[in-house]
Every structure is written in structure tokens, then in C-alpha cells.
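These notes concern the structure reproduced below.
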Amino acid sequence: MRYYAQIGDREYEIQVENGQVWVDGRSMEVDLHQVGTPELYSVLVNGRSYEILVEEARQGYVVTLQGEQYVVQVEDERTRRMNLGRRMTAAPKGELLVKAPIPGLVVKVLVKEGEQVVEDQPLIILEAMKMENEIRALRGGVVRRVEVSPGQRVEQDAPLLLIG
């Protein structure tokens with residue numbers, strides 16, 4: 001499986017296959033174990049040991065390593081293709097009805113009515129075929145109406161929320 005991790009202005013391509021990890025095409029030995037609390041991990045990278053704290057955040061994860069915090073956004077290759085395909089067309093002016101690109105289960109609604117959102121901000125987590133997909137804002141605006149709630153099943157093209 002291929003993943004893309006964005007940390008600041010830098011993007012990393014990570015491939016995980018048969019227990020082997022490559023970062024930007026370079027093979028790495030990685031051994032990761034959860035220790036203590038759900039967010040604390042012990043990781044060996046090429047023989048060096050680190051403790052990391054991984055906390056879920058609005059736009060990805062906050063990773064604390066050696067006293068430094070990093071905001072990390074992660075996409076799997078399927079989500080990336082979906083998001084890249086949506087970005088190719090210009091977002092319409094005026095009100096924008098965000099629809100479900102695929103049928104699935106609403107796992108999380110990440111925004112509230114009246115909240116200001118920016119382009120590419122995650123809005124909803126939609127689970128389909130045991131994979132979580134981030135539904136992101138095509139453009140900035142204010143959330144006028146939220147049409148769904150966590151636990152709700154939706155069909156393809158079902159309205160999720162309205163951005164004005």
C-alpha cells in the first residue's frame with residue numbers, strides 16, 4: 001500500500017509491502033509497537049529507537065518526537081486519487097452542495113454549521129469497503145447546513161453538507 005505524508009512544505013511517499021517500508025524510494029527497517037496509552041509508540045528506524053506520541057487532529061495528526069511537534073497529513077493512494085480528481089475542476093461560485101462520491105457510512109462529521117472552512121479542509125470521514133475516506137472542501141466558505149450525522153449510511157451523490 002502507498003501513502004503520502006505531508007509535513008509542512010515537504011511531502012513523503014511511503015510504501016508498505018510485505019512488512020518492508022520504503023520512504024521516497026529508500027528502504028528502511030521499521031518496527032513499531034504501541035506502548036502505554038493508545039497514543040504512545042516505540043519505534044525502531046534503521047536500528048535507532050524513538051518514542052513518539054501520535055494524536056489525531058482536525059487536519060491529520062500531531063506527532064511529538066524528541067520534544068518537537070509536527071502536524072502530519074496522511075493520504076492513502078485511493079483517497080489521493082479521489083481528491084486529485086476532484087481538484088481538477090474549478091469549484092462553483094455561490095452555494096456548494098458537497099455530495100458523497102461513493103456510498104458508505106458516515107464515521108465523523110468534522111465541521112459544524114456556521115464554521116468557516118478553507119479549501120482542502122477535511123469535512124467528513126466516510127467509510128466505504130472498510131476504508132476511511134476524507135471528504136474535503138473544494139473551496140473555502142461557511143458551512144451553511146450539515147445534512148448527515150455519524151452512523152448514517154449514505155448513497156452515492158447523497159447531500160452531505162452545504163457550503164456558502
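Labels used: A, B, ... for chains in the order of the C-alpha cells, numbers from 1 for residues in each chain, and numbers from 1 for ligands as shown.
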
Would you kindly return, as an MDAnalysis selection string, each protein, DNA or RNA residue with an atom no farther than 12 Å from any atom of Gly19 in chain A, considering only C-alpha atoms and excluding same-chain residues fewer than 6 positions away? chainID A and resid 1 27:32

Please dump the current selection as an mmCIF file, in the first residue's frame; keep N, CA and C atoms.
```cif
data_model
loop_
_atom_site.group_PDB
_atom_site.id
_atom_site.type_symbol
_atom_site.label_atom_id
_atom_site.label_comp_id
_atom_site.auth_asym_id
_atom_site.auth_seq_id
_atom_site.Cartn_x
_atom_site.Cartn_y
_atom_site.Cartn_z
ATOM 1 N N MET A 1 0.842 -1.171 0.000
ATOM 2 C CA MET A 1 0.000 0.000 0.000
ATOM 3 C C MET A 1 0.887 1.234 0.000
ATOM 4 N N SER A 27 14.725 2.081 1.117
ATOM 5 C CA SER A 27 14.303 1.025 2.030
ATOM 6 C C SER A 27 14.687 1.392 3.454
ATOM 7 N N MET A 28 13.764 1.151 4.385
ATOM 8 C CA MET A 28 14.015 1.449 5.795
ATOM 9 C C MET A 28 13.555 0.263 6.636
ATOM 10 N N GLU A 29 14.296 -0.019 7.687
ATOM 11 C CA GLU A 29 13.873 -1.035 8.654
ATOM 12 C C GLU A 29 13.053 -0.317 9.719
ATOM 13 N N VAL A 30 11.792 -0.698 9.850
ATOM 14 C CA VAL A 30 10.896 -0.040 10.795
ATOM 15 C C VAL A 30 10.191 -1.103 11.628
ATOM 16 N N ASP A 31 10.205 -0.907 12.936
ATOM 17 C CA ASP A 31 9.489 -1.777 13.858
ATOM 18 C C ASP A 31 8.720 -0.869 14.811
ATOM 19 N N LEU A 32 7.390 -0.951 14.794
ATOM 20 C CA LEU A 32 6.529 -0.043 15.539
ATOM 21 C C LEU A 32 5.670 -0.832 16.520
#
```

Within 6 Å of range 106-118 of chain A, counting only C-alpha atoms, which residues show up once you throw out same-chain ones fewer than 3 positions away? Write them as a list in words, please. Gln121, Leu123, Ile124, Ile125, Leu126, Gly140, Gly141, Val142, Val143, Arg144, Arg145, Pro150, Gly151 and Gln152 of chain A

What would the file look like if the residues just selected were written as a PDB file, in the first residue's frame with C-alpha atoms?
```pdb
ATOM      1  CA  GLN A 121     -10.024  21.047   4.720  1.00  0.00           C
ATOM      2  CA  LEU A 123     -15.165  17.875   6.316  1.00  0.00           C
ATOM      3  CA  ILE A 124     -16.453  14.335   6.766  1.00  0.00           C
ATOM      4  CA  ILE A 125     -14.963  10.862   7.193  1.00  0.00           C
ATOM      5  CA  LEU A 126     -16.873   8.364   5.049  1.00  0.00           C
ATOM      6  CA  GLY A 140     -13.410  27.865   1.295  1.00  0.00           C
ATOM      7  CA  GLY A 141     -16.646  29.212   2.744  1.00  0.00           C
ATOM      8  CA  VAL A 142     -19.035  28.861   5.658  1.00  0.00           C
ATOM      9  CA  VAL A 143     -20.847  25.613   6.459  1.00  0.00           C
ATOM     10  CA  ARG A 144     -24.499  26.573   5.989  1.00  0.00           C
ATOM     11  CA  ARG A 145     -26.092  23.191   6.648  1.00  0.00           C
ATOM     12  CA  PRO A 150     -22.199   9.907  12.405  1.00  0.00           C
ATOM     13  CA  GLY A 151     -23.528   6.379  11.940  1.00  0.00           C
ATOM     14  CA  GLN A 152     -25.719   7.349   8.986  1.00  0.00           C
TER      15      GLN A 152
END
```

Closest to Ala5 in chain A among A:Glu134, A:Asp24, A:Glu147, A:Glu17, using only C-alpha atoms? A:Asp24

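Between CA of Ala158 in chain A and CA of Val98 in chain A there is a distance of 8.5 Å.
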
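Of the listed residues A:Leu96, A:Met131, A:Ala137, A:Val43, the one whose atoms come nearest to Asn83 in chain A is A:Ala137, with distances taken using only C-alpha atoms.
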
Residues at most 8 Å from Val23 in chain A, counting only C-alpha atoms, excluding those fewer than 6 positions away in the same chain, as a PyMOL selection string? chain A and resi 12-15

Output as CSV one row per residue of range 29-62 of chain A within 7 Å of range 69-77 of chain A: the closest atom pair and its distance in Å to one decimal place, counting only C-alpha atoms, sorted by chain and residue number ascending.
```
residue,atom,partner,partner_atom,distance
A:Gln59,CA,A:Gln73,CA,6.5
A:Gly60,CA,A:Gln73,CA,4.4
A:Tyr61,CA,A:Val72,CA,5.1
A:Val62,CA,A:Val71,CA,4.6
```

With C-alpha atoms retained, could you export that selection as a CSV table (one decimal), in the first residue's frame?
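The new file out32.csv reads:
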```
chain,number,residue,atom,x,y,z
A,59,GLN,CA,-6.4,18.0,9.7
A,60,GLY,CA,-4.3,14.9,10.3
A,61,TYR,CA,-2.1,14.0,13.2
A,62,VAL,CA,0.1,15.8,15.7
```

Selection: 6 Å around Thr64 in chain A, only C-alpha atoms, excl. self and same-chain fewer than 2 positions, as a ChimeraX atom specification: /A:52-53,68-69

Can you list, as a PyMOL selection string, all residues belonging to chain A that DSSP tags as strand (DSSP E or B)? chain A and resi 2-7+10-17+20-23+26-28+30-34+40-45+48-57+60-65+68-76+96-99+104-109+116-117+122-128+131-136+141-146+153-154+159-163

Got time to write the residues from that selection, C-alpha atoms, as a compact mmCIF listing (two decimals), in the first residue's frame?
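Writing the result to selection-v8.txt gives the following:
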```txt
# COMPACT_ATOMS: atom_id res chain seq x y z
CA ARG A 2 1.22 3.50 -0.79
CA TYR A 3 0.74 6.54 1.46
CA TYR A 4 1.61 10.22 1.13
CA ALA A 5 2.59 12.16 4.27
CA GLN A 6 2.71 15.97 4.24
CA ILE A 7 4.79 17.67 6.96
CA ARG A 10 7.60 18.59 2.44
CA GLU A 11 5.80 15.53 1.11
CA TYR A 12 6.98 11.95 1.63
CA GLU A 13 5.89 8.92 -0.37
CA ILE A 14 5.69 5.84 1.84
CA GLN A 15 5.21 2.34 0.51
CA VAL A 16 4.48 -0.61 2.79
CA GLU A 17 4.62 -4.06 1.24
CA GLN A 20 9.02 -3.79 4.17
CA VAL A 21 8.88 0.04 4.26
CA TRP A 22 10.22 2.47 1.64
CA VAL A 23 10.27 6.23 2.15
CA ARG A 26 14.69 4.29 0.14
CA SER A 27 14.30 1.03 2.03
CA MET A 28 14.02 1.45 5.79
CA VAL A 30 10.90 -0.04 10.80
CA ASP A 31 9.49 -1.78 13.86
CA LEU A 32 6.53 -0.04 15.54
CA HIS A 33 4.83 -1.04 18.80
CA GLN A 34 2.13 0.68 20.82
CA LEU A 40 2.30 6.38 22.65
CA TYR A 41 4.50 4.29 20.36
CA SER A 42 8.00 2.86 20.46
CA VAL A 43 9.59 2.75 17.03
CA LEU A 44 12.90 1.41 15.73
CA VAL A 45 14.03 3.05 12.48
CA ARG A 48 17.62 3.69 16.23
CA SER A 49 14.97 3.75 18.95
CA TYR A 50 12.41 6.55 19.35
CA GLU A 51 9.31 7.18 21.42
CA ILE A 52 6.59 9.07 19.60
CA LEU A 53 3.25 10.44 20.67
CA VAL A 54 0.62 10.41 17.90
CA GLU A 55 -2.57 12.39 18.47
CA GLU A 56 -5.42 12.72 16.00
CA ALA A 57 -6.04 16.34 14.98
CA GLY A 60 -4.34 14.86 10.26
CA TYR A 61 -2.13 14.02 13.21
CA VAL A 62 0.11 15.83 15.66
CA VAL A 63 3.28 13.78 16.17
CA THR A 64 5.62 14.59 19.05
CA LEU A 65 9.17 13.30 18.59
CA GLU A 68 9.26 18.66 18.73
CA GLN A 69 5.69 18.63 17.39
CA TYR A 70 4.89 18.00 13.74
CA VAL A 71 1.50 18.29 12.03
CA VAL A 72 1.26 15.38 9.61
CA GLN A 73 -1.41 14.90 6.96
CA VAL A 74 -1.64 11.37 5.53
CA GLU A 75 -3.47 10.11 2.45
CA ASP A 76 -3.57 6.61 1.08
CA LEU A 96 -21.78 24.44 -2.95
CA LEU A 97 -23.57 21.20 -2.08
CA VAL A 98 -20.99 18.60 -1.04
CA LYS A 99 -22.17 15.13 -2.10
CA GLY A 104 -20.78 4.43 2.63
CA LEU A 105 -21.12 5.05 6.34
CA VAL A 106 -20.58 8.49 7.86
CA VAL A 107 -17.94 7.90 10.56
CA LYS A 108 -17.27 11.51 11.64
CA VAL A 109 -18.56 14.97 10.82
CA GLN A 116 -15.58 28.80 8.39
CA VAL A 117 -13.72 26.22 6.25
CA PRO A 122 -11.40 17.63 5.76
CA LEU A 123 -15.17 17.87 6.32
CA ILE A 124 -16.45 14.34 6.77
CA ILE A 125 -14.96 10.86 7.19
CA LEU A 126 -16.87 8.36 5.05
CA GLU A 127 -16.19 4.63 5.38
CA ALA A 128 -16.58 2.50 2.27
CA MET A 131 -11.55 2.12 4.19
CA GLU A 132 -11.96 5.59 5.67
CA ASN A 133 -12.16 8.37 3.07
CA GLU A 134 -11.78 12.06 3.86
CA ILE A 135 -14.30 14.25 2.09
CA ARG A 136 -12.57 17.62 1.72
CA GLY A 141 -16.65 29.21 2.74
CA VAL A 142 -19.04 28.86 5.66
CA VAL A 143 -20.85 25.61 6.46
CA ARG A 144 -24.50 26.57 5.99
CA ARG A 145 -26.09 23.19 6.65
CA VAL A 146 -24.94 19.71 7.72
CA ARG A 153 -25.49 5.34 5.74
CA VAL A 154 -25.46 7.36 2.53
CA PRO A 159 -26.03 15.50 0.05
CA LEU A 160 -23.58 15.71 2.95
CA LEU A 161 -23.39 19.45 3.65
CA LEU A 162 -23.81 22.87 2.11
CA ILE A 163 -21.02 25.46 1.93
```

Apply DSSP to the structure's backbone, then extract all residues of range 49-121 of chain A labelled helix (DSSP H, G or I) and return them as number ranges by chain. A: 77-87

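Considering only C-alpha atoms, the residue among A:Arg139, A:Arg78, A:Gln156, A:Gly8 positioned nearest to Gly94 in chain A is A:Arg139.
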